[in-house]
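Below: the structure, in structure tokens.
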Amino acid sequence: MTPRKPTRPDRPGLEHVVSTFRILVAAHSWTADRIVEALRPFGYQIDVLTDGHAAQRAISQGAWDLVIGSSDLPNLDGFLLLRTLRTSRDIAETPFLMVVSSLDPDEEVKAFQLGADEVISEATSGIALRARVRVLLRLSTYRRRLQNEKRMLGIKVAERTRELMEITMATVAALEKATELSDPETGHHILRVATYSALIAEEMGLSAEFIEKIRLYAPLHDVGKVGVPDRILKKEDVLTPDEFEEMKRHTQYGYELLAAARADAMACNIALCHHERWDGSGYPNGLKGEKIPVEARIVAVADVFDAMITVRRYKAAIGPDTATQIITVEMAPRFDPAVLGAFSRRYDQMLEFFRSYR
Ligand SMILES: [Fe+2]
Ligand SMILES: [Fe+2]
């Protein structure tokens, strides 16, 4: 059955009342006629369906501000219609007004149990019906406004995240250039570490927020190197034990720099703890196991992997397969087993990214 045309006000003096609210009335024809008659003066856009299956199709297709269903709806009653609505993801929140038989008190309870927003009986007056409809339409307006705001907020957050990512990358690149740490590789190195870290985090089932944050902050892991003297940073030879001690301080410097800038805790943790090791043999604090923040445990693997497979001023590159073998076997005690597992499962994707950003 096709929906009837929206009703037009036919009382003198009410022709000008036109509403944008869309109401679906799904009821037996005599009930539907009474409802339409009562609501007619308000100019709502009302579609009437007197068949349950047609109504079920209509609610999943259209954006309704209100569905009025009756328990006596032929073929698929109002209760089933209500259940369909409440279990359909995008429209589950649509207000539903149930019209029940005035002879059966159990129907009212059942309607509320199934999630009706309001229940009236066939005997309810036109005035009471109109009042309830107004309240439910107001509810629909608030819900829609809230949904729009939520959507707008989501867009703003995504834009802000992108901006922050760009600022972060530019800052790191500028810092590295300023300290002449930079080789043409550096920009790609931090981008790759960010991507590997995000892939590992995703594989570990961490939240979407965590994944975005680690992608954003992983590039800052070595930011503290700006505090390490040039003669150590640029030394071609092996560092003396004292020099190495000084080099290790880049973790502390990075942490202090980021904490002073009131950066996110995740950024600070990554800078401070990316050289900690699962077995407690790392620095600066010799943290062990889960005492090391998970974001730092992830970046540790991503950073070591990328460093191994790329050429640096002071060392040659080794093949990705060999590097993976070394990381997951020889160096395994240094890393969180859960991170290594996720790393191995996402290895192909990392390699693909490495090849496109080398
Ligand atoms: Fe580092
Ligand atoms: Fe690095």
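By convention in this document, the chains of the structure tokens carry letters A, B, ... by their order, each chain's residues are numbered from 1, and ligands are numbered from 1 in the order they are shown.
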If you run DSSP over the backbone, which residues in stretch 146-269 of chain A end up alpha helix (DSSP H)? Put them as a PyMOL selection string.
chain A and resi 146-178+186-203+208-217+230-233+241-248+250-260+265-269
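Residues of protein, DNA or RNA having any atom at most 9 Å from ligand 1, counting only C-alpha atoms and all ligand atoms, are A:His221, A:Asp222, A:Val223, A:Gly224, A:Lys225, A:Met247, A:Lys248, A:His250, A:Thr251, A:Ala271, A:Leu272, A:Cys273, A:His274, A:His275, A:Ala300, A:Asp303.
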Compile a residue-level contact table for stretch 30-107 of chain A against stretch 124-145 of chain A at a cut-off of 12 Å, reporting for every qualifying residue the shortest atom pair and its distance in Å to one decimal, with only C-alpha atoms counted, rows ordered by chain and ascending number, as a Markdown table.
| residue | atom | partner | partner_atom | distance |
| --- | --- | --- | --- | --- |
| A:Thr31 | CA | A:Thr124 | CA | 11.2 |
| A:Asp33 | CA | A:Gly126 | CA | 11.7 |
| A:Arg34 | CA | A:Gly126 | CA | 8.1 |
| A:Ile35 | CA | A:Gly126 | CA | 7.6 |
| A:Val36 | CA | A:Gly126 | CA | 9.9 |
| A:Glu37 | CA | A:Gly126 | CA | 8.4 |
| A:Ala38 | CA | A:Gly126 | CA | 5.1 |
| A:Leu39 | CA | A:Arg130 | CA | 6.4 |
| A:Arg40 | CA | A:Arg130 | CA | 9.9 |
| A:Pro41 | CA | A:Arg130 | CA | 10.0 |
| A:Phe42 | CA | A:Arg130 | CA | 9.1 |
| A:Tyr44 | CA | A:Leu137 | CA | 10.5 |
| A:Ala63 | CA | A:Arg144 | CA | 10.7 |
| A:Trp64 | CA | A:Ser140 | CA | 9.0 |
| A:Asp65 | CA | A:Ser140 | CA | 5.7 |
| A:Leu66 | CA | A:Leu137 | CA | 6.6 |
| A:Val67 | CA | A:Leu136 | CA | 9.8 |
| A:Ile68 | CA | A:Val133 | CA | 9.0 |
| A:Asp90 | CA | A:Arg144 | CA | 11.8 |
| A:Ile91 | CA | A:Arg144 | CA | 11.0 |
| A:Ala92 | CA | A:Arg143 | CA | 11.5 |
| A:Glu93 | CA | A:Arg143 | CA | 8.0 |
| A:Thr94 | CA | A:Ser140 | CA | 6.9 |
| A:Pro95 | CA | A:Leu136 | CA | 6.2 |
| A:Phe96 | CA | A:Leu136 | CA | 8.1 |
| A:Leu97 | CA | A:Val133 | CA | 8.0 |
| A:Met98 | CA | A:Leu129 | CA | 10.9 |
| A:Val99 | CA | A:Thr124 | CA | 9.0 |
| A:Val100 | CA | A:Thr124 | CA | 10.0 |
| A:Ser101 | CA | A:Thr124 | CA | 10.4 |
| A:Ser102 | CA | A:Thr124 | CA | 8.8 |
Give me a file of those residues, with C-alpha atoms, as a PDB file, in the first residue's frame.
ATOM      1  CA  THR A  31      -7.845   4.484  14.180  1.00  0.00           C
ATOM      2  CA  ASP A  33      -8.659   8.409  10.431  1.00  0.00           C
ATOM      3  CA  ARG A  34      -9.225   9.593  13.993  1.00  0.00           C
ATOM      4  CA  ILE A  35      -5.537  10.443  14.462  1.00  0.00           C
ATOM      5  CA  VAL A  36      -5.293  12.294  11.162  1.00  0.00           C
ATOM      6  CA  GLU A  37      -8.446  14.203  11.968  1.00  0.00           C
ATOM      7  CA  ALA A  38      -7.060  15.265  15.354  1.00  0.00           C
ATOM      8  CA  LEU A  39      -3.700  16.371  13.958  1.00  0.00           C
ATOM      9  CA  ARG A  40      -4.921  17.938  10.726  1.00  0.00           C
ATOM     10  CA  PRO A  41      -5.039  21.562  11.967  1.00  0.00           C
ATOM     11  CA  PHE A  42      -1.300  21.571  12.669  1.00  0.00           C
ATOM     12  CA  TYR A  44       2.166  18.152   9.949  1.00  0.00           C
ATOM     13  CA  ALA A  63      13.476   9.985   8.364  1.00  0.00           C
ATOM     14  CA  TRP A  64      10.445  10.300  10.623  1.00  0.00           C
ATOM     15  CA  ASP A  65      10.075  12.745  13.463  1.00  0.00           C
ATOM     16  CA  LEU A  66       7.446  10.551  15.042  1.00  0.00           C
ATOM     17  CA  VAL A  67       5.900   7.150  14.431  1.00  0.00           C
ATOM     18  CA  ILE A  68       2.385   6.537  15.720  1.00  0.00           C
ATOM     19  CA  ASP A  90      20.203   4.652  12.703  1.00  0.00           C
ATOM     20  CA  ILE A  91      16.545   5.197  13.516  1.00  0.00           C
ATOM     21  CA  ALA A  92      16.294   3.470  16.903  1.00  0.00           C
ATOM     22  CA  GLU A  93      15.892   6.800  18.681  1.00  0.00           C
ATOM     23  CA  THR A  94      12.819   7.880  16.701  1.00  0.00           C
ATOM     24  CA  PRO A  95       9.963   8.740  19.100  1.00  0.00           C
ATOM     25  CA  PHE A  96       7.160   6.175  19.052  1.00  0.00           C
ATOM     26  CA  LEU A  97       3.623   6.727  20.251  1.00  0.00           C
ATOM     27  CA  MET A  98       1.592   3.555  20.695  1.00  0.00           C
ATOM     28  CA  VAL A  99      -2.174   3.475  20.473  1.00  0.00           C
ATOM     29  CA  VAL A 100      -3.497   0.510  22.453  1.00  0.00           C
ATOM     30  CA  SER A 101      -6.914  -1.004  22.879  1.00  0.00           C
ATOM     31  CA  SER A 102      -8.840   0.545  25.750  1.00  0.00           C
TER      32      SER A 102
END
Sorted by chain and rising residue number, list the residues of chain A at most 12 Å from ligand 2 (counting only C-alpha atoms and all ligand atoms), each with its closest atom pair and distance in Å to one decimal, as a Markdown table.
| residue | atom | partner | partner_atom_place_in_ligand_line | distance |
| --- | --- | --- | --- | --- |
| A:Val172 | CA | ligand 2 | 1 (Fe) | 11.1 |
| A:Glu176 | CA | ligand 2 | 1 (Fe) | 11.4 |
| A:Leu181 | CA | ligand 2 | 1 (Fe) | 11.4 |
| A:Ser182 | CA | ligand 2 | 1 (Fe) | 11.5 |
| A:Glu185 | CA | ligand 2 | 1 (Fe) | 10.9 |
| A:Thr186 | CA | ligand 2 | 1 (Fe) | 8.4 |
| A:Gly187 | CA | ligand 2 | 1 (Fe) | 10.4 |
| A:His188 | CA | ligand 2 | 1 (Fe) | 10.5 |
| A:His189 | CA | ligand 2 | 1 (Fe) | 6.9 |
| A:Ile190 | CA | ligand 2 | 1 (Fe) | 6.6 |
| A:Leu191 | CA | ligand 2 | 1 (Fe) | 10.1 |
| A:Arg192 | CA | ligand 2 | 1 (Fe) | 9.7 |
| A:Val193 | CA | ligand 2 | 1 (Fe) | 7.3 |
| A:Ala194 | CA | ligand 2 | 1 (Fe) | 10.0 |
| A:Ser197 | CA | ligand 2 | 1 (Fe) | 11.9 |
| A:Ala218 | CA | ligand 2 | 1 (Fe) | 8.9 |
| A:Pro219 | CA | ligand 2 | 1 (Fe) | 7.6 |
| A:Leu220 | CA | ligand 2 | 1 (Fe) | 8.6 |
| A:His221 | CA | ligand 2 | 1 (Fe) | 6.7 |
| A:Asp222 | CA | ligand 2 | 1 (Fe) | 6.1 |
| A:Val223 | CA | ligand 2 | 1 (Fe) | 9.3 |
| A:Gly224 | CA | ligand 2 | 1 (Fe) | 11.3 |
| A:Lys225 | CA | ligand 2 | 1 (Fe) | 10.4 |
| A:His250 | CA | ligand 2 | 1 (Fe) | 11.7 |
| A:Thr251 | CA | ligand 2 | 1 (Fe) | 11.7 |
| A:Ile270 | CA | ligand 2 | 1 (Fe) | 11.2 |
| A:Ala271 | CA | ligand 2 | 1 (Fe) | 10.4 |
| A:His274 | CA | ligand 2 | 1 (Fe) | 9.4 |
| A:His275 | CA | ligand 2 | 1 (Fe) | 10.4 |
| A:Val299 | CA | ligand 2 | 1 (Fe) | 8.9 |
| A:Ala300 | CA | ligand 2 | 1 (Fe) | 8.8 |
| A:Val301 | CA | ligand 2 | 1 (Fe) | 10.4 |
| A:Ala302 | CA | ligand 2 | 1 (Fe) | 8.6 |
| A:Asp303 | CA | ligand 2 | 1 (Fe) | 5.1 |
| A:Val304 | CA | ligand 2 | 1 (Fe) | 7.4 |
| A:Phe305 | CA | ligand 2 | 1 (Fe) | 9.6 |
| A:Asp306 | CA | ligand 2 | 1 (Fe) | 7.7 |
| A:Ala307 | CA | ligand 2 | 1 (Fe) | 6.7 |
| A:Met308 | CA | ligand 2 | 1 (Fe) | 10.3 |
| A:Ile309 | CA | ligand 2 | 1 (Fe) | 12.0 |
| A:Thr310 | CA | ligand 2 | 1 (Fe) | 10.9 |
| A:Arg312 | CA | ligand 2 | 1 (Fe) | 11.0 |
Rounded to one decimal, what separation in Å do you get between atom CA of A:Met169 and atom CA of A:Asn285?
27.5 Å
If we count only C-alpha atoms, what is near A:Tyr314 at a cut-off of 12 Å, once residues fewer than 5 positions away on the same chain are taken out, given as a list in words?
Asp183, Leu233, Lys234, Lys235, Glu236, Asp237, Val238, Leu239, Ala307 and Met308 of chain A
Keeping N, CA, C and O atoms, export the residues of the selection given above as an mmCIF file, in the first residue's frame.
data_model
loop_
_atom_site.group_PDB
_atom_site.id
_atom_site.type_symbol
_atom_site.label_atom_id
_atom_site.label_comp_id
_atom_site.auth_asym_id
_atom_site.auth_seq_id
_atom_site.Cartn_x
_atom_site.Cartn_y
_atom_site.Cartn_z
ATOM 1 N N ASP A 183 68.942 13.986 8.128
ATOM 2 C CA ASP A 183 69.383 13.532 6.829
ATOM 3 C C ASP A 183 68.076 13.491 6.033
ATOM 4 O O ASP A 183 67.009 13.638 6.615
ATOM 5 N N LEU A 233 76.116 14.069 19.519
ATOM 6 C CA LEU A 233 75.119 13.708 18.507
ATOM 7 C C LEU A 233 75.753 13.370 17.165
ATOM 8 O O LEU A 233 75.327 12.461 16.472
ATOM 9 N N LYS A 234 76.783 14.175 16.820
ATOM 10 C CA LYS A 234 77.349 14.014 15.479
ATOM 11 C C LYS A 234 78.625 13.187 15.445
ATOM 12 O O LYS A 234 79.276 13.100 14.401
ATOM 13 N N LYS A 235 78.961 12.609 16.559
ATOM 14 C CA LYS A 235 80.202 11.833 16.608
ATOM 15 C C LYS A 235 80.112 10.619 15.685
ATOM 16 O O LYS A 235 79.115 9.896 15.701
ATOM 17 N N GLU A 236 81.130 10.466 14.856
ATOM 18 C CA GLU A 236 81.119 9.349 13.897
ATOM 19 C C GLU A 236 81.539 8.046 14.586
ATOM 20 O O GLU A 236 81.096 6.972 14.217
ATOM 21 N N ASP A 237 82.397 8.185 15.593
ATOM 22 C CA ASP A 237 82.924 7.016 16.302
ATOM 23 C C ASP A 237 81.937 6.471 17.331
ATOM 24 O O ASP A 237 80.935 7.092 17.617
ATOM 25 N N VAL A 238 82.333 5.342 17.899
ATOM 26 C CA VAL A 238 81.541 4.782 19.004
ATOM 27 C C VAL A 238 81.633 5.731 20.208
ATOM 28 O O VAL A 238 82.693 6.301 20.472
ATOM 29 N N LEU A 239 80.507 5.911 20.913
ATOM 30 C CA LEU A 239 80.516 6.818 22.062
ATOM 31 C C LEU A 239 81.253 6.191 23.249
ATOM 32 O O LEU A 239 81.175 4.975 23.453
ATOM 33 N N ALA A 307 64.772 1.772 12.448
ATOM 34 C CA ALA A 307 66.192 2.137 12.506
ATOM 35 C C ALA A 307 67.055 1.018 11.906
ATOM 36 O O ALA A 307 68.015 1.285 11.182
ATOM 37 N N MET A 308 66.675 -0.219 12.168
ATOM 38 C CA MET A 308 67.474 -1.348 11.672
ATOM 39 C C MET A 308 67.429 -1.460 10.147
ATOM 40 O O MET A 308 68.436 -1.773 9.519
#
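The space between atom CA of A:Ala259 and atom CA of A:Lys213 spans 16.0 Å.
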Which residues are near stretch 52-61 of chain A? Cut-off 8 Å, only C-alpha atoms, ignore same chain within fewer than 6 positions. Put them as a ChimeraX atom specification.
/A:1-2,24,26,67,73-78,81,84-85,88,91
Could you pull out the strand (DSSP E or B) residues of stretch 11-98 of chain A from DSSP and send them as a count of residues only?
18
Give me, please, the distance in Å between atom CA of A:Met266 and atom CA of A:Met152, quoted to one decimal.
25.9 Å
Would you please work out which residue, of A:Arg262, A:Arg215, A:Arg355, A:Arg345, is nearest to A:Glu166 when using only C-alpha atoms?
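The shortest atom-to-atom distance to A:Glu166 comes from A:Arg215.
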